[in-house]
Every structure is written in structure tokens, then in C-alpha cells.
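**Q** Got a file for you: start03.pdb, PDB, C-alpha atoms.
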```
ATOM      1  CA  MET A   1      61.753 -17.592  -5.677
ATOM      2  CA  LEU A   2      58.282 -16.090  -6.196
ATOM      3  CA  ASN A   3      58.604 -16.093 -10.006
ATOM      4  CA  SER A   4      59.606 -19.750  -9.990
ATOM      5  CA  GLN A   5      56.554 -20.586  -7.880
ATOM      6  CA  LEU A   6      54.261 -18.655 -10.214
ATOM      7  CA  SER A   7      55.637 -20.582 -13.198
ATOM      8  CA  HIS A   8      54.022 -23.743 -11.853
ATOM      9  CA  LEU A   9      50.559 -22.149 -11.840
ATOM     10  CA  PRO A  10      48.181 -22.487 -14.826
ATOM     11  CA  ALA A  11      48.960 -20.250 -17.815
ATOM     12  CA  LEU A  12      46.535 -17.816 -19.408
ATOM     13  CA  GLU A  13      46.249 -19.342 -22.872
ATOM     14  CA  PRO A  14      45.526 -17.489 -26.145
ATOM     15  CA  GLY A  15      41.842 -17.505 -27.011
ATOM     16  CA  SER A  16      40.738 -17.895 -23.411
ATOM     17  CA  VAL A  17      39.313 -15.637 -20.716
ATOM     18  CA  TRP A  18      40.082 -15.460 -17.017
ATOM     19  CA  LEU A  19      37.429 -13.876 -14.791
ATOM     20  CA  VAL A  20      39.580 -12.567 -11.955
ATOM     21  CA  GLY A  21      38.750 -10.996  -8.619
ATOM     22  CA  ALA A  22      41.093  -8.133  -7.699
ATOM     23  CA  GLY A  23      40.010  -7.985  -4.067
ATOM     24  CA  PRO A  24      38.678  -4.891  -2.277
ATOM     25  CA  GLY A  25      41.536  -2.542  -3.160
ATOM     26  CA  ASP A  26      44.937  -3.246  -1.663
ATOM     27  CA  PRO A  27      47.049  -4.885  -4.425
ATOM     28  CA  GLY A  28      48.643  -7.021  -1.726
ATOM     29  CA  LEU A  29      45.334  -8.887  -1.499
ATOM     30  CA  LEU A  30      45.570 -10.169  -5.075
ATOM     31  CA  THR A  31      45.989 -13.926  -5.281
ATOM     32  CA  LEU A  32      49.116 -15.389  -6.854
ATOM     33  CA  LEU A  33      47.019 -16.652  -9.756
ATOM     34  CA  ALA A  34      45.578 -13.174 -10.318
ATOM     35  CA  ALA A  35      49.079 -11.688 -10.363
ATOM     36  CA  LYS A  36      50.213 -14.308 -12.863
ATOM     37  CA  GLY A  37      47.242 -13.600 -15.098
ATOM     38  CA  LEU A  38      48.012  -9.883 -15.044
ATOM     39  CA  SER A  39      51.586 -10.600 -16.107
ATOM     40  CA  GLU A  40      50.459 -12.737 -19.069
ATOM     41  CA  ALA A  41      47.310 -11.061 -20.407
ATOM     42  CA  ASP A  42      47.214  -9.426 -23.841
ATOM     43  CA  VAL A  43      44.071  -7.494 -22.927
ATOM     44  CA  ILE A  44      42.760  -6.535 -19.488
ATOM     45  CA  VAL A  45      39.113  -5.484 -19.283
ATOM     46  CA  HIS A  46      38.541  -3.966 -15.859
ATOM     47  CA  ASP A  47      35.775  -2.606 -13.672
ATOM     48  CA  ALA A  48      35.489   0.845 -12.116
ATOM     49  CA  LEU A  49      36.316  -0.439  -8.638
ATOM     50  CA  VAL A  50      39.673  -1.973  -9.554
ATOM     51  CA  ASN A  51      42.561  -0.152  -7.874
ATOM     52  CA  GLU A  52      44.983   1.385 -10.385
ATOM     53  CA  GLU A  53      47.839  -0.127  -8.377
ATOM     54  CA  CYS A  54      46.581  -3.576  -9.360
ATOM     55  CA  LEU A  55      46.672  -2.613 -13.032
ATOM     56  CA  ALA A  56      50.291  -1.571 -12.588
ATOM     57  CA  LEU A  57      51.124  -5.281 -12.366
ATOM     58  CA  ALA A  58      50.119  -5.791 -16.023
ATOM     59  CA  ARG A  59      52.852  -6.439 -18.527
ATOM     60  CA  GLN A  60      53.914  -3.365 -20.480
ATOM     61  CA  GLU A  61      52.504  -4.597 -23.814
ATOM     62  CA  ALA A  62      49.024  -5.308 -22.447
ATOM     63  CA  VAL A  63      46.045  -3.329 -23.711
ATOM     64  CA  VAL A  64      43.921  -2.064 -20.819
ATOM     65  CA  GLU A  65      40.218  -1.444 -21.469
ATOM     66  CA  PHE A  66      37.811   0.202 -19.039
ATOM     67  CA  ALA A  67      34.381  -1.403 -18.748
ATOM     68  CA  GLY A  68      33.159  -0.014 -15.450
ATOM     69  CA  LYS A  69      29.539   0.138 -14.424
ATOM     70  CA  ARG A  70      28.544   2.666 -11.742
ATOM     71  CA  GLY A  71      25.006   3.213 -10.591
ATOM     72  CA  GLY A  72      23.358   6.304 -12.031
ATOM     73  CA  LYS A  73      26.242   7.073 -14.386
ATOM     74  CA  PRO A  74      26.649   6.367 -18.123
ATOM     75  CA  SER A  75      28.264   2.974 -18.577
ATOM     76  CA  ALA A  76      28.532   0.087 -20.988
ATOM     77  CA  LYS A  77      25.689  -2.399 -21.139
ATOM     78  CA  GLN A  78      26.448  -5.725 -19.509
ATOM     79  CA  ARG A  79      25.657  -7.698 -22.663
ATOM     80  CA  ASP A  80      28.111  -5.555 -24.652
ATOM     81  CA  ILE A  81      30.856  -6.191 -22.093
ATOM     82  CA  SER A  82      30.256  -9.924 -22.218
ATOM     83  CA  LEU A  83      30.333  -9.991 -26.002
ATOM     84  CA  ARG A  84      33.531  -7.924 -26.015
ATOM     85  CA  LEU A  85      35.206 -10.713 -24.048
ATOM     86  CA  VAL A  86      34.040 -13.185 -26.695
ATOM     87  CA  GLU A  87      35.328 -10.949 -29.496
ATOM     88  CA  LEU A  88      38.773 -10.601 -27.927
ATOM     89  CA  ALA A  89      39.099 -14.305 -27.232
ATOM     90  CA  ARG A  90      38.075 -15.212 -30.782
ATOM     91  CA  ALA A  91      40.850 -12.904 -31.993
ATOM     92  CA  GLY A  92      43.315 -15.162 -30.183
ATOM     93  CA  LYS A  93      43.970 -12.787 -27.303
ATOM     94  CA  ARG A  94      44.746 -13.819 -23.757
ATOM     95  CA  VAL A  95      41.928 -11.989 -22.004
ATOM     96  CA  LEU A  96      41.771 -11.082 -18.323
ATOM     97  CA  ARG A  97      38.505  -9.692 -17.029
ATOM     98  CA  LEU A  98      39.456  -7.947 -13.786
ATOM     99  CA  LYS A  99      36.750  -7.218 -11.242
ATOM    100  CA  GLY A 100      36.830  -5.529  -7.858
ATOM    101  CA  GLY A 101      36.281  -7.988  -5.034
ATOM    102  CA  ASP A 102      35.157 -11.421  -6.207
ATOM    103  CA  PRO A 103      33.686 -12.011  -9.685
ATOM    104  CA  PHE A 104      30.850 -14.159  -8.320
ATOM    105  CA  VAL A 105      29.788 -11.884  -5.426
ATOM    106  CA  PHE A 106      27.587  -9.143  -6.919
ATOM    107  CA  GLY A 107      30.141  -8.870  -9.722
ATOM    108  CA  ARG A 108      28.170 -10.140 -12.732
ATOM    109  CA  GLY A 109      30.802 -12.803 -13.231
ATOM    110  CA  GLY A 110      28.131 -15.446 -13.578
ATOM    111  CA  GLU A 111      26.493 -13.549 -16.441
ATOM    112  CA  GLU A 112      29.786 -13.133 -18.269
ATOM    113  CA  ALA A 113      30.763 -16.764 -17.757
ATOM    114  CA  LEU A 114      27.428 -17.924 -19.175
ATOM    115  CA  THR A 115      28.053 -15.825 -22.293
ATOM    116  CA  LEU A 116      31.483 -17.439 -22.688
ATOM    117  CA  VAL A 117      29.891 -20.879 -22.427
ATOM    118  CA  GLU A 118      27.264 -19.853 -24.985
ATOM    119  CA  HIS A 119      30.040 -19.018 -27.463
ATOM    120  CA  ASN A 120      32.338 -21.942 -26.579
ATOM    121  CA  ILE A 121      35.094 -19.747 -25.154
ATOM    122  CA  PRO A 122      37.359 -21.495 -22.607
ATOM    123  CA  PHE A 123      37.541 -19.675 -19.288
ATOM    124  CA  ARG A 124      38.810 -19.875 -15.727
ATOM    125  CA  ILE A 125      37.375 -18.324 -12.565
ATOM    126  CA  VAL A 126      39.959 -16.795 -10.223
ATOM    127  CA  PRO A 127      38.194 -15.893  -6.959
ATOM    128  CA  GLY A 128      39.077 -12.713  -5.103
ATOM    129  CA  ILE A 129      38.518 -11.393  -1.600
ATOM    130  CA  THR A 130      35.095  -9.798  -1.559
ATOM    131  CA  ALA A 131      34.745  -6.325  -0.045
ATOM    132  CA  GLY A 132      32.107  -7.561   2.377
ATOM    133  CA  ILE A 133      34.803  -9.575   4.127
ATOM    134  CA  GLY A 134      38.159  -8.017   3.228
ATOM    135  CA  GLY A 135      36.964  -4.428   3.223
ATOM    136  CA  LEU A 136      35.399  -4.814   6.654
ATOM    137  CA  ALA A 137      38.557  -6.503   7.934
ATOM    138  CA  TYR A 138      40.526  -3.416   6.905
ATOM    139  CA  ALA A 139      38.096  -1.402   9.036
ATOM    140  CA  GLY A 140      38.649  -3.711  11.994
ATOM    141  CA  ILE A 141      35.188  -5.292  11.754
ATOM    142  CA  PRO A 142      34.928  -9.106  11.603
ATOM    143  CA  VAL A 143      31.820 -10.467   9.889
ATOM    144  CA  THR A 144      31.572 -13.231  12.494
ATOM    145  CA  HIS A 145      32.546 -13.557  16.132
ATOM    146  CA  ARG A 146      31.441 -16.568  18.113
ATOM    147  CA  ASP A 147      30.370 -14.459  21.104
ATOM    148  CA  ILE A 148      28.134 -12.339  18.872
ATOM    149  CA  ASN A 149      26.828 -14.083  15.752
ATOM    150  CA  HIS A 150      26.693 -17.497  14.141
ATOM    151  CA  ALA A 151      25.288 -16.236  10.856
ATOM    152  CA  VAL A 152      25.757 -13.360   8.438
ATOM    153  CA  THR A 153      23.726 -12.237   5.431
ATOM    154  CA  PHE A 154      25.206 -10.571   2.331
ATOM    155  CA  LEU A 155      22.835  -8.607   0.129
ATOM    156  CA  THR A 156      22.732  -5.877  -2.489
ATOM    157  CA  GLY A 157      21.095  -2.541  -1.800
ATOM    158  CA  HIS A 158      19.761  -2.091  -5.312
ATOM    159  CA  ASP A 159      18.658  -4.275  -8.186
ATOM    160  CA  SER A 160      19.266  -3.970 -11.935
ATOM    161  CA  SER A 161      16.764  -1.108 -12.151
ATOM    162  CA  GLY A 162      18.611   0.861  -9.460
ATOM    163  CA  ILE A 163      15.971   0.592  -6.717
ATOM    164  CA  VAL A 164      15.854  -1.310  -3.435
ATOM    165  CA  PRO A 165      15.146  -4.957  -4.328
ATOM    166  CA  ASP A 166      11.600  -6.094  -3.522
ATOM    167  CA  ARG A 167      12.639  -9.720  -3.997
ATOM    168  CA  ILE A 168      14.629  -9.535  -0.769
ATOM    169  CA  ASN A 169      12.594 -10.651   2.238
ATOM    170  CA  TRP A 170      13.561  -7.697   4.401
ATOM    171  CA  GLU A 171      11.371  -8.787   7.287
ATOM    172  CA  ALA A 172      12.911 -12.259   7.450
ATOM    173  CA  ILE A 173      16.465 -10.922   7.202
ATOM    174  CA  GLY A 174      15.763  -8.174   9.694
ATOM    175  CA  ARG A 175      14.444 -10.654  12.222
ATOM    176  CA  GLY A 176      16.719 -13.588  11.507
ATOM    177  CA  SER A 177      20.215 -12.358  10.600
ATOM    178  CA  PRO A 178      22.326 -10.981  13.483
ATOM    179  CA  VAL A 179      24.773  -9.353  11.040
ATOM    180  CA  ILE A 180      23.834  -7.876   7.655
ATOM    181  CA  VAL A 181      26.479  -6.831   5.128
ATOM    182  CA  MET A 182      25.218  -4.718   2.249
ATOM    183  CA  TYR A 183      26.797  -3.822  -1.071
ATOM    184  CA  MET A 184      25.617  -0.801  -3.070
ATOM    185  CA  ALA A 185      23.302   0.265  -0.265
ATOM    186  CA  MET A 186      24.568   3.714   0.703
ATOM    187  CA  LYS A 187      22.325   5.562  -1.751
ATOM    188  CA  HIS A 188      19.194   3.874  -0.388
ATOM    189  CA  ILE A 189      20.109   3.706   3.291
ATOM    190  CA  ALA A 190      17.045   5.698   4.398
ATOM    191  CA  GLU A 191      14.618   3.219   2.862
ATOM    192  CA  ILE A 192      16.667   0.199   3.918
ATOM    193  CA  SER A 193      16.979   1.427   7.510
ATOM    194  CA  ALA A 194      13.219   2.008   7.667
ATOM    195  CA  ARG A 195      12.538  -1.516   6.388
ATOM    196  CA  LEU A 196      14.897  -3.116   8.889
ATOM    197  CA  ILE A 197      13.504  -1.124  11.804
ATOM    198  CA  ALA A 198       9.975  -2.049  10.721
ATOM    199  CA  ALA A 199      11.117  -5.680  10.810
ATOM    200  CA  GLY A 200      12.121  -5.299  14.437
ATOM    201  CA  ARG A 201      15.757  -4.141  14.388
ATOM    202  CA  PRO A 202      16.419  -1.623  17.175
ATOM    203  CA  PRO A 203      17.167   1.923  15.970
ATOM    204  CA  SER A 204      20.153   1.917  18.356
ATOM    205  CA  GLU A 205      21.847  -1.006  16.569
ATOM    206  CA  PRO A 206      25.409  -0.176  15.411
ATOM    207  CA  VAL A 207      26.029   0.450  11.718
ATOM    208  CA  ALA A 208      29.284   1.162   9.890
ATOM    209  CA  PHE A 209      29.949   2.506   6.402
ATOM    210  CA  VAL A 210      33.350   1.617   4.964
ATOM    211  CA  CYS A 211      34.087   3.801   1.927
ATOM    212  CA  ASN A 212      36.909   3.030  -0.534
ATOM    213  CA  ALA A 213      37.766   0.014   1.558
ATOM    214  CA  ALA A 214      41.330  -1.313   1.673
ATOM    215  CA  THR A 215      42.766   1.701  -0.153
ATOM    216  CA  GLY A 216      44.652   4.786   0.956
ATOM    217  CA  ARG A 217      41.337   6.680   0.687
ATOM    218  CA  GLN A 218      39.463   4.437   3.131
ATOM    219  CA  GLN A 219      37.036   6.210   5.448
ATOM    220  CA  VAL A 220      34.852   4.602   8.102
ATOM    221  CA  LEU A 221      31.675   6.114   9.510
ATOM    222  CA  GLU A 222      30.096   4.568  12.610
ATOM    223  CA  THR A 223      26.504   5.374  13.500
ATOM    224  CA  THR A 224      23.249   3.626  14.387
ATOM    225  CA  LEU A 225      20.464   2.212  12.269
ATOM    226  CA  GLY A 226      18.066   4.979  13.288
ATOM    227  CA  ASP A 227      20.556   7.799  12.746
ATOM    228  CA  ALA A 228      22.197   6.381   9.606
ATOM    229  CA  PRO A 229      20.287   8.414   6.961
ATOM    230  CA  GLU A 230      21.004  11.787   8.590
ATOM    231  CA  THR A 231      24.559  10.880   9.616
ATOM    232  CA  VAL A 232      25.499   9.754   6.109
ATOM    233  CA  ALA A 233      23.938  12.843   4.508
ATOM    234  CA  ALA A 234      25.828  15.125   6.891
ATOM    235  CA  SER A 235      29.136  13.304   6.397
ATOM    236  CA  GLY A 236      29.456  14.043   2.702
ATOM    237  CA  LEU A 237      30.823  10.534   2.120
ATOM    238  CA  GLU A 238      30.242   8.949  -1.270
ATOM    239  CA  PRO A 239      30.118   5.374  -2.582
ATOM    240  CA  PRO A 240      31.653   2.906  -3.119
ATOM    241  CA  ALA A 241      30.886   1.688   0.363
ATOM    242  CA  VAL A 242      30.217  -1.507   2.245
ATOM    243  CA  VAL A 243      27.567  -1.203   4.953
ATOM    244  CA  VAL A 244      27.418  -3.522   7.950
ATOM    245  CA  VAL A 245      24.616  -3.731  10.507
ATOM    246  CA  GLY A 246      25.100  -5.582  13.778
ATOM    247  CA  GLU A 247      26.897  -5.803  17.103
ATOM    248  CA  VAL A 248      30.159  -6.776  15.368
ATOM    249  CA  VAL A 249      30.580  -3.078  14.548
ATOM    250  CA  ARG A 250      31.401  -2.469  18.233
ATOM    251  CA  LEU A 251      34.496  -4.644  17.844
ATOM    252  CA  ARG A 252      36.116  -1.910  15.778
ATOM    253  CA  ALA A 253      37.003  -0.147  19.028
ATOM    254  CA  SER A 254      39.314  -3.088  19.712
ATOM    255  CA  LEU A 255      40.254  -4.301  16.241
ATOM    256  CA  ASP A 256      40.904  -1.143  14.217
ATOM    257  CA  TRP A 257      44.422  -2.289  13.400
ATOM    258  CA  LEU A 258      44.966   0.409  10.776
ATOM    259  CA  GLY A 259      43.947   3.026  13.303
ATOM    260  CA  ALA A 260      46.359   1.518  15.818
ATOM    261  CA  LEU A 261      49.187   1.871  13.311
ATOM    262  CA  ALA A 262      48.321   5.578  13.163
ATOM    263  CA  GLY A 263      48.306   5.910  16.951
ATOM    264  CA  ARG A 264      44.777   4.948  18.022
ATOM    265  CA  ARG A 265      44.620   3.261  21.412
ATOM    266  CA  LEU A 266      42.526   0.114  21.158
ATOM    267  CA  GLN A 267      40.171  -1.136  23.859
ATOM    268  CA  SER A 268      40.680  -4.615  25.288
ATOM    269  CA  ASP A 269      36.930  -5.075  25.913
ATOM    270  CA  PRO A 270      34.719  -3.080  23.522
ATOM    271  CA  PHE A 271      31.521  -4.395  25.134
ATOM    272  CA  ARG A 272      32.513  -3.745  28.749
ATOM    273  CA  ARG A 273      31.075  -7.195  29.414
ATOM    274  CA  SER A 274      32.989  -8.091  32.597
ATOM    275  CA  GLY A 275      33.397 -11.644  31.400
ATOM    276  CA  GLN A 276      29.852 -12.077  30.067
ATOM    277  CA  VAL A 277      29.134 -13.069  26.472
ATOM    278  CA  LEU A 278      26.378 -11.630  24.332
ATOM    279  CA  ILE A 279      24.731 -14.896  23.344
TER
END
```
Step by step, read the file and then write its structure as C-alpha cells.
**A**
Amino acid sequence: MLNSQLSHLPALEPGSVWLVGAGPGDPGLLTLLAAKGLSEADVIVHDALVNEECLALARQEAVVEFAGKRGGKPSAKQRDISLRLVELARAGKRVLRLKGGDPFVFGRGGEEALTLVEHNIPFRIVPGITAGIGGLAYAGIPVTHRDINHAVTFLTGHDSSGIVPDRINWEAIGRGSPVIVMYMAMKHIAEISARLIAAGRPPSEPVAFVCNAATGRQQVLETTLGDAPETVAASGLEPPAVVVVGEVVRLRASLDWLGALAGRRLQSDPFRRSGQVLI
């Protein structure tokens, strides 16, 4: 039944490129269109954060190329990756560019798509579940809850030069966004925490680090904004990680569904509010 349904979806045509989001890790979070693309691609060019279990869905004849970029480590230049997609498509290959999360959320998908347009290569965007939503959900942390926040900000913890972005208005975000979700921020958490506290965030505000989200290696560290630098250093945890700042972190005591499957007893009222709401 599933194969017959997939047959009605668009086909990955020779000479074209699909920019596909693989989601945060669990292969079950791939979209049907992503799975179909994997089954049809001649060449799959994938990022470092793509789960190997997702690649296992590729057809046996497919060529799999690694094009991962990890901060502080030797990696291919972005322009070279983009031009490689052009080269493969011009050779008549059915090309699938597989990215962790969503290709348009801190995934450089926009840059690669612009290069394809520049060289007249047909392409399709296949969105994926970004780690800032799906990865936190696997930790039992919702990015919104109507009793807590009506807004959320997604940002990157470092820019193309590898440092904390100065173009981000940290003061405005610190004062105005009740929940902040940060990608690639673990390395610079000391500086980021200091900026947010200087902007008025309380040092006691809950923070969670979700490492290797939505995989069998997932680890979650809960701390506070003031203690985050020391707690992370002492934990020995390493990126990749999604960092979330805000009262929604407290909901994990009630919504850690993976923990519950392993025997954790969940709380019915993580805020001990006695019927009162937070806003």
C-alpha cells in the first residue's frame, strides 16, 4: 500500500537536484517525499548530521558522497559543494542533497539553491523537521505552550567566521523573546549566557541542551542560564546540540515521553501552579 502511494508523488528526474531535509535524526521522521527521493537518487550528497539509518533507505546502486561541514574541523567549502551538485546534475544524474533537519533552517539550502538557479539546474525543495522543533520534542520540550509563551526565537550561535554573531540584537531578543532556541551555540554558551543575562534574563532561568537529538545517542542536560557554562564544561557533552532557554524547559518533567518509556515517572503539574497560569 505504501509503495503504491509513493508512486503518485513527484519523481526525481535525471539532471535535477532535490534539496531534502532528513529531520533531526530518527529515520521515522523522514517525509514520504524524502523517502521516495532516497529510493530514486543516483547520487546522494549528505551532511555530517544525517543519521546513517536514513542513508540505509537509498537504493543499492546509489553513490553516496559525504559533504559535511562541522565547525572547527576540516571540511569542504560551501561553494565547492554547491558546484558539485551542478556538476552531477549536468552529467544527467538524479541528485539528492540530504541535509540534517530542514534545508532552509541554518542548513545553507538557500545558498545551494541559488547556485542551481545560477546554472539553470532544475530543483525541488523537500522540507524536513528542524532540530529546533523535532529535537526538542524528543526531549519532551515544546517550543510553545499557551500558558507560557506566545513567541519563540530561533537563532544560530555562531556566524560564518565561527564566532558569536554581532548582527544578532542580543539585547532585544533577551528582553523580548520568552523562549530562545539556539543552533550551534554550545561552544559559545559562556559568551551567549553573559549577553542574555546582561539583557535582563534572570540567571535562574531554565536552560536545556539536547545533544544528538532524536537518535539512540540522545542526551539531555538541564541547567540554568547562570550555571550553563560550568555545567556544560563539567558534563563532558559535545555538539551537535540544540539549546533552549525559557520556562518551557520545566515542562520536560511532565512531557519526557522517551524517559517515561524507560520508566521515568512524569509529573502532572511541573510548575506546581495550583491552577494558576504563568501569563
**Q** Could you spell out the hits of the PyMOL selection byres ((chain A and resi 253) around 9) on the shown file, as a ChimeraX atom specification?
**A** /A:140,249-252,254-256,265-270
**Q** Using all atoms listed in the file, pick whichever of A:Ala67, A:Leu98, A:Val152, A:Val126 has the shortest atom-to-atom distance to Leu9 in chain A.
**A**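 Using all atoms listed in the file, Leu9 in chain A sits closest to A:Val126.
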**Q** Contacts between range 26-37 of chain A and range 41-101 of chain A, please, where a residue of range 41-101 of chain A counts if it comes within 12 Å (with all atoms listed in the file); show its shortest atom pair and distance in Å to one decimal, rows by chain and ascending number, as a Markdown table.
**A**
```
| residue | atom | partner | partner_atom | distance |
| --- | --- | --- | --- | --- |
| A:Ala41 | CA | A:Gly37 | CA | 5.9 |
| A:Asp42 | CA | A:Gly37 | CA | 9.7 |
| A:Val43 | CA | A:Gly37 | CA | 10.4 |
| A:Ile44 | CA | A:Gly37 | CA | 9.4 |
| A:Leu49 | CA | A:Asp26 | CA | 11.4 |
| A:Val50 | CA | A:Pro27 | CA | 9.4 |
| A:Asn51 | CA | A:Asp26 | CA | 7.3 |
| A:Glu52 | CA | A:Pro27 | CA | 8.9 |
| A:Glu53 | CA | A:Pro27 | CA | 6.2 |
| A:Cys54 | CA | A:Pro27 | CA | 5.1 |
| A:Leu55 | CA | A:Pro27 | CA | 8.9 |
| A:Ala56 | CA | A:Pro27 | CA | 9.4 |
| A:Leu57 | CA | A:Ala35 | CA | 7.0 |
| A:Ala58 | CA | A:Ala35 | CA | 8.2 |
| A:Arg59 | CA | A:Gly37 | CA | 9.7 |
| A:Ala62 | CA | A:Gly37 | CA | 11.2 |
| A:Arg94 | CA | A:Gly37 | CA | 9.0 |
| A:Val95 | CA | A:Gly37 | CA | 8.9 |
| A:Leu96 | CA | A:Gly37 | CA | 6.8 |
| A:Arg97 | CA | A:Gly37 | CA | 9.8 |
| A:Leu98 | CA | A:Ala34 | CA | 8.8 |
| A:Lys99 | CA | A:Ala34 | CA | 10.7 |
| A:Gly100 | CA | A:Leu30 | CA | 10.3 |
| A:Gly101 | CA | A:Leu30 | CA | 9.5 |
```
**Q** Give as a VMD selection string the residues that the PyMOL selection byres ((chain A and resi 195) around 12) matches when applied to the coordinates above.
**A** chain A and resid 157 164 to 166 168 to 175 188 to 194 196 to 203 225 to 226
**Q** Under the rule that all atoms listed in the file are counted, which of A:Val86, A:Ile133, A:Leu155, A:Ala234 is the nearest residue to Glu112 in chain A?
**A**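 Result for the nearest residue to Glu112 in chain A: A:Val86.
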**Q** Selection in question (the file shown): the PyMOL selection byres ((chain A and resi 82) around 12). Which residues does it include, as a ChimeraX atom specification?
**A** /A:17,19,45,67,76-81,83-89,95,97,108-119,121
**Q** For range 199-211 of chain A, I'd like the enclosing box, axis-aligned and padded by 5 Å on every side, reported as JSON with centre and edge lengths in Å to one decimal.
**A**
```
{"center_x": 22.6, "center_y": -0.9, "center_z": 10.1, "size_x": 33.0, "size_y": 19.5, "size_z": 26.4}
```
**Q** Which of these, A:Gly68, A:Pro122, A:Gly259, A:Lys187, has the shortest distance to Val220 in chain A once you count only C-alpha atoms?
**A**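 Selected residue with least distance to Val220 in chain A: A:Gly259.
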**Q** Using all atoms listed in the file, pick whichever of A:Glu61, A:Asp147, A:Asp47, A:Asp102 has the shortest atom-to-atom distance to Gly128 in chain A.
**A**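 Answer, going by the shortest atom-to-atom distance: A:Asp102.
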**Q** Rounded to one decimal place, report the CA of Ala241 in chain A-CA of Arg217 in chain A distance in Å.
**A**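 The value is 11.6 Å.
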**Q** Could you list, as JSON, numbers by chain, every residue within 9 Å of Met186 in chain A, counting only C-alpha atoms and ignoring same-chain residues fewer than 5 positions away?
**A** {"A": [157, 209, 229, 232, 238, 239, 240, 241, 242, 243]}
**Q** Which residue is closest to Val179 in chain A? Choose from A:Ala131, A:Ala214, A:Ala262, A:Val244 and count only C-alpha atoms.
**A**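 Among the listed residues, the smallest separation from Val179 in chain A belongs to A:Val244.
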**Q** Between CA of Gln219 in chain A and CA of Trp257 in chain A, what is the spacing in Å?
**A** 13.8 Å
**Q** Please compute the CA of Gly132 in chain A-CA of Ser161 in chain A distance, one decimal, in Å.
**A** 22.1 Å
**Q** So that I can check the surroundings of His150 in chain A, please list as a ChimeraX atom specification every protein, DNA and RNA residue that reaches within 12 Å of it, counting all atoms listed in the file and ignoring chain neighbours fewer than 6 positions away.
**A** /A:143-144,176-180,248,278-279
